[in-house]
Each structure stands twice: as structure tokens, then as C-alpha cells.
file query27.cif (mmCIF, C-alpha atoms)
data_entry
loop_
_atom_site.label_atom_id
_atom_site.label_comp_id
_atom_site.auth_asym_id
_atom_site.auth_seq_id
_atom_site.Cartn_x
_atom_site.Cartn_y
_atom_site.Cartn_z
CA MET A 1 -22.13 21.75 -7.55
CA SER A 2 -20.30 19.05 -9.47
CA PRO A 3 -20.48 15.61 -7.85
CA GLY A 4 -16.74 15.15 -8.44
CA LYS A 5 -14.84 11.87 -8.66
CA TYR A 6 -15.68 8.85 -6.53
CA PHE A 7 -13.09 6.57 -4.95
CA SER A 8 -12.92 3.21 -6.69
CA GLN A 9 -11.50 0.20 -4.88
CA PRO A 10 -8.37 -1.12 -6.68
CA GLY A 11 -7.85 -4.43 -4.86
CA GLY A 12 -4.45 -6.02 -5.34
CA HIS A 13 -2.02 -6.80 -2.53
CA PRO A 14 0.40 -4.68 -0.49
CA ALA A 15 4.12 -5.24 -0.90
CA GLN A 16 5.85 -7.62 1.51
CA THR A 17 7.97 -4.67 2.69
CA GLU A 18 4.98 -2.71 4.04
CA LEU A 19 4.12 -2.55 7.72
CA MET A 20 1.15 -4.71 8.70
CA THR A 21 -0.17 -2.26 11.30
CA GLY A 22 -3.16 -0.34 9.97
CA ARG A 23 -6.33 1.49 11.00
CA ALA A 24 -8.85 -1.36 10.99
CA VAL A 25 -10.89 -1.66 14.18
CA PHE A 26 -14.01 -3.51 15.32
CA THR A 27 -15.61 -2.48 18.61
CA GLU A 28 -18.90 -3.08 20.40
CA ALA A 29 -20.29 0.12 18.85
CA TYR A 30 -18.61 0.59 15.48
CA ALA A 31 -16.21 -0.83 12.91
CA VAL A 32 -13.80 0.93 10.57
CA ILE A 33 -12.75 -1.03 7.48
CA PRO A 34 -9.97 1.01 5.81
CA LYS A 35 -9.39 0.90 2.08
CA GLY A 36 -6.03 -0.79 2.65
CA VAL A 37 -7.61 -4.03 3.90
CA MET A 38 -9.94 -4.49 0.91
CA ARG A 39 -7.46 -6.64 -0.99
CA ASP A 40 -7.71 -9.58 -3.37
CA ILE A 41 -7.28 -12.10 -0.57
CA VAL A 42 -10.66 -11.12 0.96
CA VAL A 43 -12.85 -10.94 -2.15
CA SER A 44 -16.02 -13.01 -2.48
CA TYR A 45 -17.93 -14.45 -5.43
CA LEU A 46 -21.67 -14.95 -5.97
CA PRO A 47 -23.73 -17.62 -7.75
CA HIS A 48 -25.22 -16.53 -11.08
CA TRP A 49 -22.78 -13.59 -11.44
CA GLU A 50 -20.24 -13.86 -14.26
CA ALA A 51 -16.82 -12.14 -14.33
CA THR A 52 -17.68 -10.55 -11.00
CA ARG A 53 -16.11 -10.36 -7.58
CA LEU A 54 -16.99 -8.31 -4.51
CA TRP A 55 -16.01 -7.13 -1.09
CA VAL A 56 -18.64 -7.68 1.61
CA ILE A 57 -18.27 -4.68 3.92
CA ALA A 58 -21.44 -5.13 6.02
CA ARG A 59 -23.81 -7.97 6.82
CA PRO A 60 -26.42 -8.48 9.55
CA LEU A 61 -24.75 -9.53 12.80
CA SER A 62 -26.73 -10.43 15.90
CA GLY A 63 -25.97 -7.94 18.65
CA PHE A 64 -24.44 -5.42 16.24
CA ALA A 65 -25.98 -3.90 13.08
CA GLU A 66 -28.81 -6.11 11.89
CA THR A 67 -30.74 -4.35 9.11
CA PHE A 68 -28.56 -4.44 6.01
CA ALA A 69 -25.72 -5.81 3.92
CA GLN A 70 -23.42 -3.77 1.70
CA TYR A 71 -21.16 -4.99 -1.10
CA ILE A 72 -18.56 -3.32 -3.30
CA MET A 73 -19.19 -5.04 -6.63
CA GLU A 74 -16.50 -5.30 -9.34
CA VAL A 75 -17.87 -6.45 -12.71
CA GLY A 76 -15.43 -7.18 -15.50
CA PRO A 77 -16.06 -6.84 -19.26
CA ARG A 78 -19.00 -9.02 -20.36
CA GLY A 79 -19.74 -9.73 -16.71
CA GLY A 80 -22.99 -9.40 -14.82
CA SER A 81 -26.07 -11.39 -13.94
CA ASP A 82 -29.57 -12.23 -15.12
CA ARG A 83 -30.35 -13.63 -11.65
CA PRO A 84 -28.76 -11.09 -9.31
CA GLU A 85 -30.97 -11.24 -6.20
CA PRO A 86 -31.94 -14.63 -4.70
CA ASP A 87 -34.19 -13.24 -1.93
CA PRO A 88 -37.66 -12.10 -3.11
CA GLN A 89 -38.12 -10.13 0.13
CA ALA A 90 -34.93 -8.11 -0.37
CA GLU A 91 -34.90 -4.56 -1.68
CA GLY A 92 -31.74 -3.06 -3.11
CA ALA A 93 -29.93 0.17 -3.83
CA LEU A 94 -27.09 0.49 -6.35
CA PHE A 95 -24.58 3.35 -6.59
CA VAL A 96 -22.01 3.37 -9.41
CA VAL A 97 -18.52 4.70 -8.65
CA ASP A 98 -16.51 3.60 -11.71
CA GLY A 99 -17.19 2.47 -15.28
CA GLU A 100 -20.61 1.84 -16.79
CA VAL A 101 -23.25 -0.85 -16.37
CA GLU A 102 -26.51 -1.60 -18.14
CA LEU A 103 -29.32 -2.14 -15.67
CA THR A 104 -32.60 -3.62 -16.87
CA VAL A 105 -35.59 -3.19 -14.56
CA ASP A 106 -39.09 -4.27 -15.55
CA ASN A 107 -37.91 -4.65 -19.18
CA LYS A 108 -36.56 -1.09 -19.33
CA GLN A 109 -32.83 -0.52 -19.89
CA HIS A 110 -30.78 2.12 -18.07
CA LEU A 111 -27.13 3.02 -18.72
CA MET A 112 -25.63 3.82 -15.34
CA ARG A 113 -22.44 5.87 -15.13
CA PRO A 114 -20.53 7.12 -12.05
CA GLY A 115 -23.01 8.78 -9.71
CA GLY A 116 -25.81 6.55 -11.00
CA PHE A 117 -28.30 5.39 -8.38
CA ALA A 118 -31.04 2.77 -8.61
CA TYR A 119 -33.67 1.70 -6.11
CA LEU A 120 -34.94 -1.86 -6.57
CA PRO A 121 -38.05 -2.91 -4.60
CA PRO A 122 -38.53 -6.48 -3.36
CA ALA A 123 -39.32 -9.11 -6.01
CA SER A 124 -38.05 -6.82 -8.78
CA ALA A 125 -37.31 -8.27 -12.19
CA TRP A 126 -33.84 -6.85 -12.82
CA SER A 127 -30.53 -7.74 -14.39
CA LEU A 128 -27.19 -6.00 -14.73
CA HIS A 129 -24.36 -6.32 -17.26
CA ASN A 130 -21.09 -4.63 -18.16
CA THR A 131 -20.92 -4.36 -21.94
CA LYS A 132 -17.82 -2.14 -21.98
CA ALA A 133 -14.13 -3.06 -22.16
CA GLU A 134 -13.37 -1.50 -18.76
CA THR A 135 -14.20 -2.89 -15.32
CA ALA A 136 -17.19 -1.33 -13.56
CA ARG A 137 -17.61 -0.91 -9.79
CA PHE A 138 -20.69 -0.12 -7.77
CA HIS A 139 -22.08 -0.39 -4.25
CA TRP A 140 -25.00 -2.72 -3.63
CA ILE A 141 -27.00 -2.22 -0.44
CA ARG A 142 -29.47 -5.00 0.42
CA LYS A 143 -32.20 -4.92 3.06
CA ARG A 144 -35.15 -7.15 3.95
CA TYR A 145 -38.12 -4.92 3.14
CA GLU A 146 -40.50 -4.26 6.02
CA ALA A 147 -43.98 -4.18 4.53
CA VAL A 148 -46.71 -2.08 6.16
CA ASP A 149 -50.42 -2.82 5.98
CA GLY A 150 -52.07 -0.21 3.74
CA LEU A 151 -48.81 0.91 2.09
CA SER A 152 -47.64 -0.54 -1.21
CA ALA A 153 -43.97 -1.13 -1.85
CA PRO A 154 -42.29 1.80 -3.62
CA PRO A 155 -41.57 1.51 -7.35
CA ALA A 156 -38.15 1.06 -8.89
CA PHE A 157 -36.39 4.17 -10.12
CA VAL A 158 -33.03 5.16 -11.60
CA THR A 159 -31.31 8.54 -11.37
CA ASN A 160 -27.86 10.11 -11.04
CA GLU A 161 -26.37 12.31 -8.35
CA ALA A 162 -25.87 15.04 -10.96
CA GLN A 163 -29.66 15.15 -11.41
CA VAL A 164 -30.51 15.48 -7.70
CA ALA A 165 -30.25 18.91 -6.08
CA PRO A 166 -28.37 18.85 -2.76
CA THR A 167 -30.32 19.99 0.30
CA PRO A 168 -28.29 22.34 2.52
CA VAL A 169 -28.50 21.65 6.25
CA LYS A 170 -30.29 24.49 8.02
CA GLY A 171 -27.85 26.70 9.89
CA ALA A 172 -24.85 25.16 8.10
CA GLU A 173 -25.71 25.99 4.49
CA ARG A 174 -22.14 26.93 3.56
CA TRP A 175 -20.59 23.75 4.87
CA TRP A 176 -22.98 20.79 4.88
CA SER A 177 -25.50 19.34 2.41
CA ASN A 178 -27.32 16.08 1.69
CA THR A 179 -28.08 14.65 -1.74
CA ARG A 180 -31.08 12.45 -0.98
CA PHE A 181 -31.92 9.79 -3.55
CA ILE A 182 -35.02 8.66 -1.62
CA ASP A 183 -37.72 11.10 -0.51
CA PRO A 184 -37.62 11.06 3.33
CA ALA A 185 -41.35 11.89 3.45
CA ASP A 186 -42.32 8.79 1.42
CA LEU A 187 -43.22 6.31 4.14
CA ARG A 188 -43.30 3.45 1.67
CA HIS A 189 -39.52 3.46 1.99
CA ASP A 190 -37.86 1.86 5.00
CA MET A 191 -34.31 2.88 4.18
CA ALA A 192 -32.52 6.06 3.13
CA VAL A 193 -29.45 6.38 0.92
CA THR A 194 -27.76 9.77 0.72
CA VAL A 195 -24.52 11.37 -0.43
CA VAL A 196 -23.38 13.66 2.39
CA THR A 197 -21.03 16.52 1.51
CA PHE A 198 -18.95 18.68 3.83
CA GLU A 199 -16.91 21.63 2.65
CA PRO A 200 -13.54 22.13 4.41
CA GLY A 201 -14.25 23.25 7.94
CA GLY A 202 -17.72 21.73 8.03
CA THR A 203 -18.73 19.74 11.08
CA ILE A 204 -21.39 17.62 12.68
CA PRO A 205 -21.16 19.81 15.79
CA PHE A 206 -22.70 17.38 18.30
CA GLU A 207 -22.53 13.68 19.03
CA GLU A 208 -25.50 12.20 17.19
CA THR A 209 -26.93 9.30 19.17
CA HIS A 210 -29.88 7.66 17.43
CA VAL A 211 -31.61 4.41 16.63
CA MET A 212 -30.67 4.28 12.92
CA GLU A 213 -27.89 1.91 11.88
CA HIS A 214 -25.35 3.32 9.45
CA GLY A 215 -23.04 2.34 6.66
CA LEU A 216 -20.76 5.23 5.62
CA TYR A 217 -18.45 4.72 2.64
CA ILE A 218 -16.04 7.61 2.04
CA LEU A 219 -16.27 8.70 -1.60
CA GLU A 220 -13.92 11.68 -1.48
CA GLY A 221 -11.58 13.54 0.88
CA LYS A 222 -10.71 12.94 4.51
CA ALA A 223 -11.95 13.88 7.97
CA VAL A 224 -11.75 13.11 11.65
CA TYR A 225 -14.80 11.20 12.90
CA ARG A 226 -15.97 10.83 16.49
CA LEU A 227 -17.17 7.25 17.01
CA ASN A 228 -18.37 6.36 20.50
CA ARG A 229 -15.41 7.45 22.70
CA ASP A 230 -12.78 7.66 19.94
CA TRP A 231 -11.58 10.13 17.32
CA VAL A 232 -10.75 8.23 14.12
CA GLU A 233 -9.14 9.57 10.93
CA VAL A 234 -10.86 8.39 7.76
CA GLU A 235 -10.25 8.97 4.06
CA ALA A 236 -11.65 8.09 0.63
CA GLY A 237 -12.12 4.33 0.33
CA ASP A 238 -12.71 3.72 4.04
CA PHE A 239 -15.97 2.28 5.37
CA MET A 240 -17.56 3.00 8.75
CA TRP A 241 -20.17 0.61 10.11
CA LEU A 242 -22.20 1.91 13.04
CA ARG A 243 -24.68 0.09 15.23
CA ALA A 244 -27.73 1.82 16.67
CA PHE A 245 -27.04 4.56 19.25
CA CYS A 246 -23.30 4.78 18.54
CA PRO A 247 -22.40 8.45 19.26
CA GLN A 248 -21.03 10.10 16.13
CA ALA A 249 -19.75 13.49 15.00
CA CYS A 250 -17.15 14.68 12.50
CA TYR A 251 -14.84 17.50 11.45
CA ALA A 252 -13.85 17.95 7.80
CA GLY A 253 -10.49 19.65 7.93
CA GLY A 254 -9.82 19.80 4.19
CA PRO A 255 -8.03 20.64 2.02
CA GLY A 256 -10.88 19.42 -0.23
CA ARG A 257 -14.46 18.30 0.26
CA PHE A 258 -15.35 15.33 2.44
CA ARG A 259 -18.12 13.16 0.97
CA TYR A 260 -19.63 9.80 1.82
CA LEU A 261 -22.40 7.42 0.79
CA LEU A 262 -24.74 6.97 3.76
CA TYR A 263 -27.22 4.18 4.50
CA LYS A 264 -29.72 4.21 7.36
CA ASP A 265 -32.93 2.39 8.26
CA VAL A 266 -35.99 4.66 8.66
CA ASN A 267 -39.79 4.98 8.88
CA ARG A 268 -40.74 1.84 10.79
CA HIS A 269 -41.89 0.88 14.27
CA MET A 270 -39.35 -0.79 16.53
CA ARG A 271 -39.85 -4.54 16.74
CA LEU A 272 -40.79 -5.57 20.28
CA THR A 273 -39.39 -8.99 21.10
CA VAL A 274 -38.40 -10.78 24.27
CA ALA A 275 -35.59 -13.32 24.21
CA ASN A 276 -36.41 -16.61 25.94
CA PRO A 277 -39.63 -15.38 27.54
CA GLY A 278 -40.23 -18.66 29.34
CA PRO A 279 -43.60 -20.30 30.09
CA ALA A 280 -46.72 -18.16 30.32
CA ARG A 281 -47.99 -17.51 33.84
#

call {"tool": "encode", "arguments": {"input": "query27.cif", "output": "C-alpha cells"}}
result
Amino acid sequence: MSPGKYFSQPGGHPAQTELMTGRAVFTEAYAVIPKGVMRDIVVSYLPHWEATRLWVIARPLSGFAETFAQYIMEVGPRGGSDRPEPDPQAEGALFVVDGEVELTVDNKQHLMRPGGFAYLPPASAWSLHNTKAETARFHWIRKRYEAVDGLSAPPAFVTNEAQVAPTPVKGAERWWSNTRFIDPADLRHDMAVTVVTFEPGGTIPFEETHVMEHGLYILEGKAVYRLNRDWVEVEAGDFMWLRAFCPQACYAGGPGRFRYLLYKDVNRHMRLTVANPGPAR
């Protein structure tokens, strides 16, 4: 199965004649950030990144989703960074949707094209540059790595969606598959990044309610998603941000495939904390 084309955020501004009412929503359980609100007026910039701007579409928020941040990076010609990650405890995942970038990890160079994926463990020595004449865009997921006694951190690796065989979902083989970049059985990893694909008519036929937090960026197509108590229409370029235990299901009505980049936190004990415990008795 061909990976197909990925949506690439154009930026810009809407015309003054357009209606301001859109589909953006932020609730106690989920947020939907449509492609139409990711405009030039809300871009950010980072220290030590040249000719680069970004949209921050997720960040840890107390009382909401707390495990990860996700950026849509836009790197212009001759742009990039030799000092990309300031936090030595942060791990990262990159997914290229447009253009080409040169990623150097542990002194080894990798040319990453659309569909390219890289996992970067904490304290990695890495850099990234765009040596082409066209702008490159990629997603950057960042998470504070949760170390486990007796388990080493996983190594860096680089691959491409075209090189990873999709795994059909049992009982829905015709309609639903997952392209897993990270082996779910490797307990060194504390996050999973997957491209989920639904053929027209495919569904998540029950309301998933689970502890994993999610970032879902729509790469291709459109669908109707059940989020908590609401049915929400989403399309390529939209981002869904789900806190733990938000009920979720979907129906891919077509006419083409519905595909998204999925983040979730996995493979770790739940932290047991008590807020303001007071004096010991």
C-alpha cells in the first residue's frame, strides 16, 4: 500500500471577506485545532533554529494532557539547527510531511523525505538542516523520557513509512491498519507513534476510553470523530488533542482513505501523587 501524500500546513492568512466562525474547540476532555487556524499570526520561533518557524499544537497543561508537546516545524532553505533540543531529558520523534531535511544523529547523516520518521532518545547528539531550495515541514513530538531501573534508553533510529509494513487490525483487516514506527513490545520505549489508516467505511466501532493521552494529526482524508459526547467532522490538516480517558470513536465515510499521525504514552506505571497532603499524622 502506497503511503500517499501528506497534508502540509501552508500558513498565510484568510481573506478579510471570510467568515470568522470555524471548527476550533477546546473542552475539558479534548481540543480540535483545525487547519484553518494555523496561520502566520500564531507561529512561534525557537532559539538556535535558523530560517525556521513553527506551530505549537500541543504542550503539557496541568489538568489536561501532560505528557508531550507537538510542533509543526517549517524550515526554509539553508535553515535548521545544530542545537535543536535544549532539554537533555527529552526524547523526540520526527515525521516529515513535505520537502527534505538532512538529519545527523551520532555523526551519521540521514536524508529524510516525506514519510521519514526518526526516533531520538534523550541526550542525543543530533542536528537538522534543509539544504534544498524548497521549504521542508515536519512534525516534532517531544516527551520527557521516563527511565526505568534495569532498562537502558532505546537507541536512535531512522526509517520511512514506505519501509514499514502496516499491521491490519484483527477483525477489521479490510478497513483498518496501523503503521507502527516503534515496536510496542519494546518496553524501553515510553511512547508510541503510529500512522493509522482507515479505508472508506472503516470505523472504530466502540468508544475507546483509556489512560493514554493522544495527539492525532490528520494526514489525509476526512472522517467523523466521536470525542467525549460530541461528533466532530475532521479533515486533513486538523489536529485532535485528547486527554486521558476521553471517549473516542470514528467513522471514515470516504471518498478516500482517512489517515492520521498518532501519539500516545505507553509502557509505564502510573505516578502516584497526592496534592497538598498536609502534615503527617

call {"tool": "closest_residue", "arguments": {"input": "query27.cif", "among": "A:Ile182, A:Ile218, A:Ala24, A:Val211", "to": "Leu242 in chain A", "atoms": "all atoms listed in the file"}}
result
A:Val211

call {"tool": "atom_distance", "arguments": {"input": "query27.cif", "atom1": "CA of Thr27 in chain A", "atom2": "CA of Phe7 in chain A"}}
result
25.4 Å

call {"tool": "resolve_selection", "arguments": {"input": "query27.cif", "expression": "the PyMOL selection byres ((chain A and resi 201) around 10)", "output": "ChimeraX atom specification"}}
result
/A:174-176,198-200,202-203,223,251-258

call {"tool": "resolve_selection", "arguments": {"input": "query27.cif", "expression": "the PyMOL selection byres ((chain A and resi 80-84) around 7)", "output": "VMD selection string"}}
result
chain A and resid 48 to 52 75 78 to 79 85 to 86 127 to 130

call {"tool": "atom_distance", "arguments": {"input": "query27.cif", "atom1": "CA of Gly115 in chain A", "atom2": "CA of Glu161 in chain A"}}
result
5.1 Å

call {"tool": "atom_distance", "arguments": {"input": "query27.cif", "atom1": "CA of Val234 in chain A", "atom2": "CA of Lys264 in chain A"}}
result
19.3 Å

call {"tool": "resolve_selection", "arguments": {"input": "query27.cif", "expression": "the PyMOL selection byres ((chain A and resi 184) around 12)", "output": "list in words"}}
result
Thr167, Asn178, Thr179, Arg180, Phe181, Ile182, Asp183, Ala185, Asp186, Leu187, Arg188, His189, Asp190, Met191, Ala192, Val193, Thr194, Lys264, Asp265, Val266 and Asn267 of chain A

call {"tool": "closest_residue", "arguments": {"input": "query27.cif", "among": "A:Thr67, A:Thr273, A:Ser62, A:Ser124", "to": "Ala156 in chain A", "atoms": "all atoms listed in the file"}}
result
A:Ser124

call {"tool": "residues_around", "arguments": {"input": "query27.cif", "residues": "Gly92 in chain A", "least_positions_apart": "3", "cutoff": "12 Å", "atoms": "all atoms listed in the file", "output": "number ranges by chain"}}
result
A: 68-71, 84-89, 95, 117-126, 139-145, 154-158, 189-193, 263

call {"tool": "closest_residue", "arguments": {"input": "query27.cif", "among": "A:Arg271, A:Trp231, A:Ser177, A:Glu102", "to": "Arg23 in chain A", "atoms": "all atoms listed in the file"}}
result
A:Trp231

call {"tool": "closest_residue", "arguments": {"input": "query27.cif", "among": "A:Ala165, A:Met240, A:Val56, A:Cys250", "to": "Phe26 in chain A", "atoms": "all atoms listed in the file"}}
result
A:Met240

call {"tool": "closest_atom_pairs", "arguments": {"input": "query27.cif", "of": "range 65-128 of chain A", "to": "range 10-15 of chain A", "cutoff": "12 Å", "atoms": "all atoms listed in the file", "output": "tab-separated table"}}
result
residue	atom	partner	partner_atom	distance
A:Ile72	CA	A:Gly11	CA	10.9
A:Met73	CA	A:Gly11	CA	11.5
A:Glu74	CA	A:Pro10	CA	9.5
A:Val97	CA	A:Pro10	CA	11.9
A:Asp98	CA	A:Pro10	CA	10.7

call {"tool": "residues_around", "arguments": {"input": "query27.cif", "residues": "Arg259 in chain A", "least_positions_apart": "4", "cutoff": "7 Å", "atoms": "only C-alpha atoms", "output": "JSON, numbers by chain"}}
result
{"A": [195, 196, 197, 198, 218, 219, 220, 221]}

call {"tool": "axis_aligned_box", "arguments": {"input": "query27.cif", "around": "range 165-180 of chain A", "padding_each_side": "8 Å", "output": "JSON"}}
result
{"center_x": -25.8, "center_y": 19.7, "center_z": 1.9, "size_x": 26.5, "size_y": 30.5, "size_z": 32.0}

call {"tool": "closest_residue", "arguments": {"input": "query27.cif", "among": "A:Phe239, A:Tyr217, A:Tyr225, A:Phe64", "to": "Val37 in chain A", "atoms": "all atoms listed in the file"}}
result
A:Phe239

call {"tool": "build_atoms", "arguments": {"input": "query27.cif", "residues": "range 28-57 of chain A", "atoms": "N, CA and C atoms", "output": "PDB file, keeping the file's coordinate frame"}}
result
ATOM      1  N   GLU A  28     -17.512  -2.747  20.093  1.00  0.00           N
ATOM      2  CA  GLU A  28     -18.900  -3.080  20.400  1.00  0.00           C
ATOM      3  C   GLU A  28     -19.876  -2.103  19.779  1.00  0.00           C
ATOM      4  N   ALA A  29     -19.406  -0.917  19.350  1.00  0.00           N
ATOM      5  CA  ALA A  29     -20.290   0.120  18.850  1.00  0.00           C
ATOM      6  C   ALA A  29     -20.089   0.462  17.383  1.00  0.00           C
ATOM      7  N   TYR A  30     -18.894   0.207  16.856  1.00  0.00           N
ATOM      8  CA  TYR A  30     -18.610   0.590  15.480  1.00  0.00           C
ATOM      9  C   TYR A  30     -17.464  -0.247  14.929  1.00  0.00           C
ATOM     10  N   ALA A  31     -17.355  -0.229  13.598  1.00  0.00           N
ATOM     11  CA  ALA A  31     -16.210  -0.830  12.910  1.00  0.00           C
ATOM     12  C   ALA A  31     -15.707   0.162  11.870  1.00  0.00           C
ATOM     13  N   VAL A  32     -14.407   0.180  11.671  1.00  0.00           N
ATOM     14  CA  VAL A  32     -13.800   0.930  10.570  1.00  0.00           C
ATOM     15  C   VAL A  32     -13.029  -0.064   9.711  1.00  0.00           C
ATOM     16  N   ILE A  33     -13.411  -0.150   8.442  1.00  0.00           N
ATOM     17  CA  ILE A  33     -12.750  -1.030   7.480  1.00  0.00           C
ATOM     18  C   ILE A  33     -12.006  -0.114   6.500  1.00  0.00           C
ATOM     19  N   PRO A  34     -10.707   0.087   6.682  1.00  0.00           N
ATOM     20  CA  PRO A  34      -9.970   1.010   5.810  1.00  0.00           C
ATOM     21  C   PRO A  34      -9.811   0.443   4.399  1.00  0.00           C
ATOM     22  N   LYS A  35      -9.563   1.341   3.463  1.00  0.00           N
ATOM     23  CA  LYS A  35      -9.390   0.900   2.080  1.00  0.00           C
ATOM     24  C   LYS A  35      -8.234  -0.073   1.922  1.00  0.00           C
ATOM     25  N   GLY A  36      -7.214   0.041   2.785  1.00  0.00           N
ATOM     26  CA  GLY A  36      -6.030  -0.790   2.650  1.00  0.00           C
ATOM     27  C   GLY A  36      -6.233  -2.251   2.971  1.00  0.00           C
ATOM     28  N   VAL A  37      -7.373  -2.619   3.599  1.00  0.00           N
ATOM     29  CA  VAL A  37      -7.610  -4.030   3.900  1.00  0.00           C
ATOM     30  C   VAL A  37      -8.526  -4.690   2.878  1.00  0.00           C
ATOM     31  N   MET A  38      -9.060  -3.920   1.947  1.00  0.00           N
ATOM     32  CA  MET A  38      -9.940  -4.490   0.910  1.00  0.00           C
ATOM     33  C   MET A  38      -9.073  -4.965  -0.254  1.00  0.00           C
ATOM     34  N   ARG A  39      -8.429  -6.099  -0.050  1.00  0.00           N
ATOM     35  CA  ARG A  39      -7.460  -6.640  -0.990  1.00  0.00           C
ATOM     36  C   ARG A  39      -8.009  -7.896  -1.670  1.00  0.00           C
ATOM     37  N   ASP A  40      -7.253  -8.411  -2.619  1.00  0.00           N
ATOM     38  CA  ASP A  40      -7.710  -9.580  -3.370  1.00  0.00           C
ATOM     39  C   ASP A  40      -7.934 -10.796  -2.490  1.00  0.00           C
ATOM     40  N   ILE A  41      -7.194 -10.904  -1.396  1.00  0.00           N
ATOM     41  CA  ILE A  41      -7.280 -12.100  -0.570  1.00  0.00           C
ATOM     42  C   ILE A  41      -8.621 -12.205   0.160  1.00  0.00           C
ATOM     43  N   VAL A  42      -9.391 -11.090   0.241  1.00  0.00           N
ATOM     44  CA  VAL A  42     -10.660 -11.120   0.960  1.00  0.00           C
ATOM     45  C   VAL A  42     -11.866 -10.895   0.046  1.00  0.00           C
ATOM     46  N   VAL A  43     -11.700 -11.084  -1.257  1.00  0.00           N
ATOM     47  CA  VAL A  43     -12.850 -10.940  -2.150  1.00  0.00           C
ATOM     48  C   VAL A  43     -13.774 -12.148  -2.029  1.00  0.00           C
ATOM     49  N   SER A  44     -15.025 -11.943  -2.432  1.00  0.00           N
ATOM     50  CA  SER A  44     -16.020 -13.010  -2.480  1.00  0.00           C
ATOM     51  C   SER A  44     -16.567 -13.122  -3.900  1.00  0.00           C
ATOM     52  N   TYR A  45     -17.290 -14.219  -4.148  1.00  0.00           N
ATOM     53  CA  TYR A  45     -17.930 -14.450  -5.430  1.00  0.00           C
ATOM     54  C   TYR A  45     -19.371 -14.884  -5.173  1.00  0.00           C
ATOM     55  N   LEU A  46     -20.257 -14.650  -6.149  1.00  0.00           N
ATOM     56  CA  LEU A  46     -21.670 -14.950  -5.970  1.00  0.00           C
ATOM     57  C   LEU A  46     -22.175 -15.882  -7.059  1.00  0.00           C
ATOM     58  N   PRO A  47     -23.089 -16.803  -6.712  1.00  0.00           N
ATOM     59  CA  PRO A  47     -23.730 -17.620  -7.750  1.00  0.00           C
ATOM     60  C   PRO A  47     -24.472 -16.738  -8.748  1.00  0.00           C
ATOM     61  N   HIS A  48     -24.473 -17.161  -9.998  1.00  0.00           N
ATOM     62  CA  HIS A  48     -25.220 -16.530 -11.080  1.00  0.00           C
ATOM     63  C   HIS A  48     -24.659 -15.154 -11.474  1.00  0.00           C
ATOM     64  N   TRP A  49     -23.473 -14.806 -11.000  1.00  0.00           N
ATOM     65  CA  TRP A  49     -22.780 -13.590 -11.440  1.00  0.00           C
ATOM     66  C   TRP A  49     -21.530 -14.014 -12.201  1.00  0.00           C
ATOM     67  N   GLU A  50     -21.383 -13.524 -13.428  1.00  0.00           N
ATOM     68  CA  GLU A  50     -20.240 -13.860 -14.260  1.00  0.00           C
ATOM     69  C   GLU A  50     -19.209 -12.737 -14.237  1.00  0.00           C
ATOM     70  N   ALA A  51     -17.931 -13.106 -14.272  1.00  0.00           N
ATOM     71  CA  ALA A  51     -16.820 -12.140 -14.330  1.00  0.00           C
ATOM     72  C   ALA A  51     -16.982 -11.052 -13.264  1.00  0.00           C
ATOM     73  N   THR A  52     -17.368 -11.479 -12.071  1.00  0.00           N
ATOM     74  CA  THR A  52     -17.680 -10.550 -11.000  1.00  0.00           C
ATOM     75  C   THR A  52     -17.074 -11.016  -9.687  1.00  0.00           C
ATOM     76  N   ARG A  53     -16.522 -10.097  -8.951  1.00  0.00           N
ATOM     77  CA  ARG A  53     -16.110 -10.360  -7.580  1.00  0.00           C
ATOM     78  C   ARG A  53     -16.568  -9.187  -6.718  1.00  0.00           C
ATOM     79  N   LEU A  54     -16.461  -9.349  -5.396  1.00  0.00           N
ATOM     80  CA  LEU A  54     -16.990  -8.310  -4.510  1.00  0.00           C
ATOM     81  C   LEU A  54     -16.312  -8.358  -3.167  1.00  0.00           C
ATOM     82  N   TRP A  55     -16.395  -7.222  -2.489  1.00  0.00           N
ATOM     83  CA  TRP A  55     -16.010  -7.130  -1.090  1.00  0.00           C
ATOM     84  C   TRP A  55     -17.291  -6.956  -0.274  1.00  0.00           C
ATOM     85  N   VAL A  56     -17.513  -7.830   0.687  1.00  0.00           N
ATOM     86  CA  VAL A  56     -18.640  -7.680   1.610  1.00  0.00           C
ATOM     87  C   VAL A  56     -18.164  -6.798   2.758  1.00  0.00           C
ATOM     88  N   ILE A  57     -18.735  -5.603   2.880  1.00  0.00           N
ATOM     89  CA  ILE A  57     -18.270  -4.680   3.920  1.00  0.00           C
ATOM     90  C   ILE A  57     -19.278  -4.518   5.053  1.00  0.00           C
TER      91      ILE A  57
END
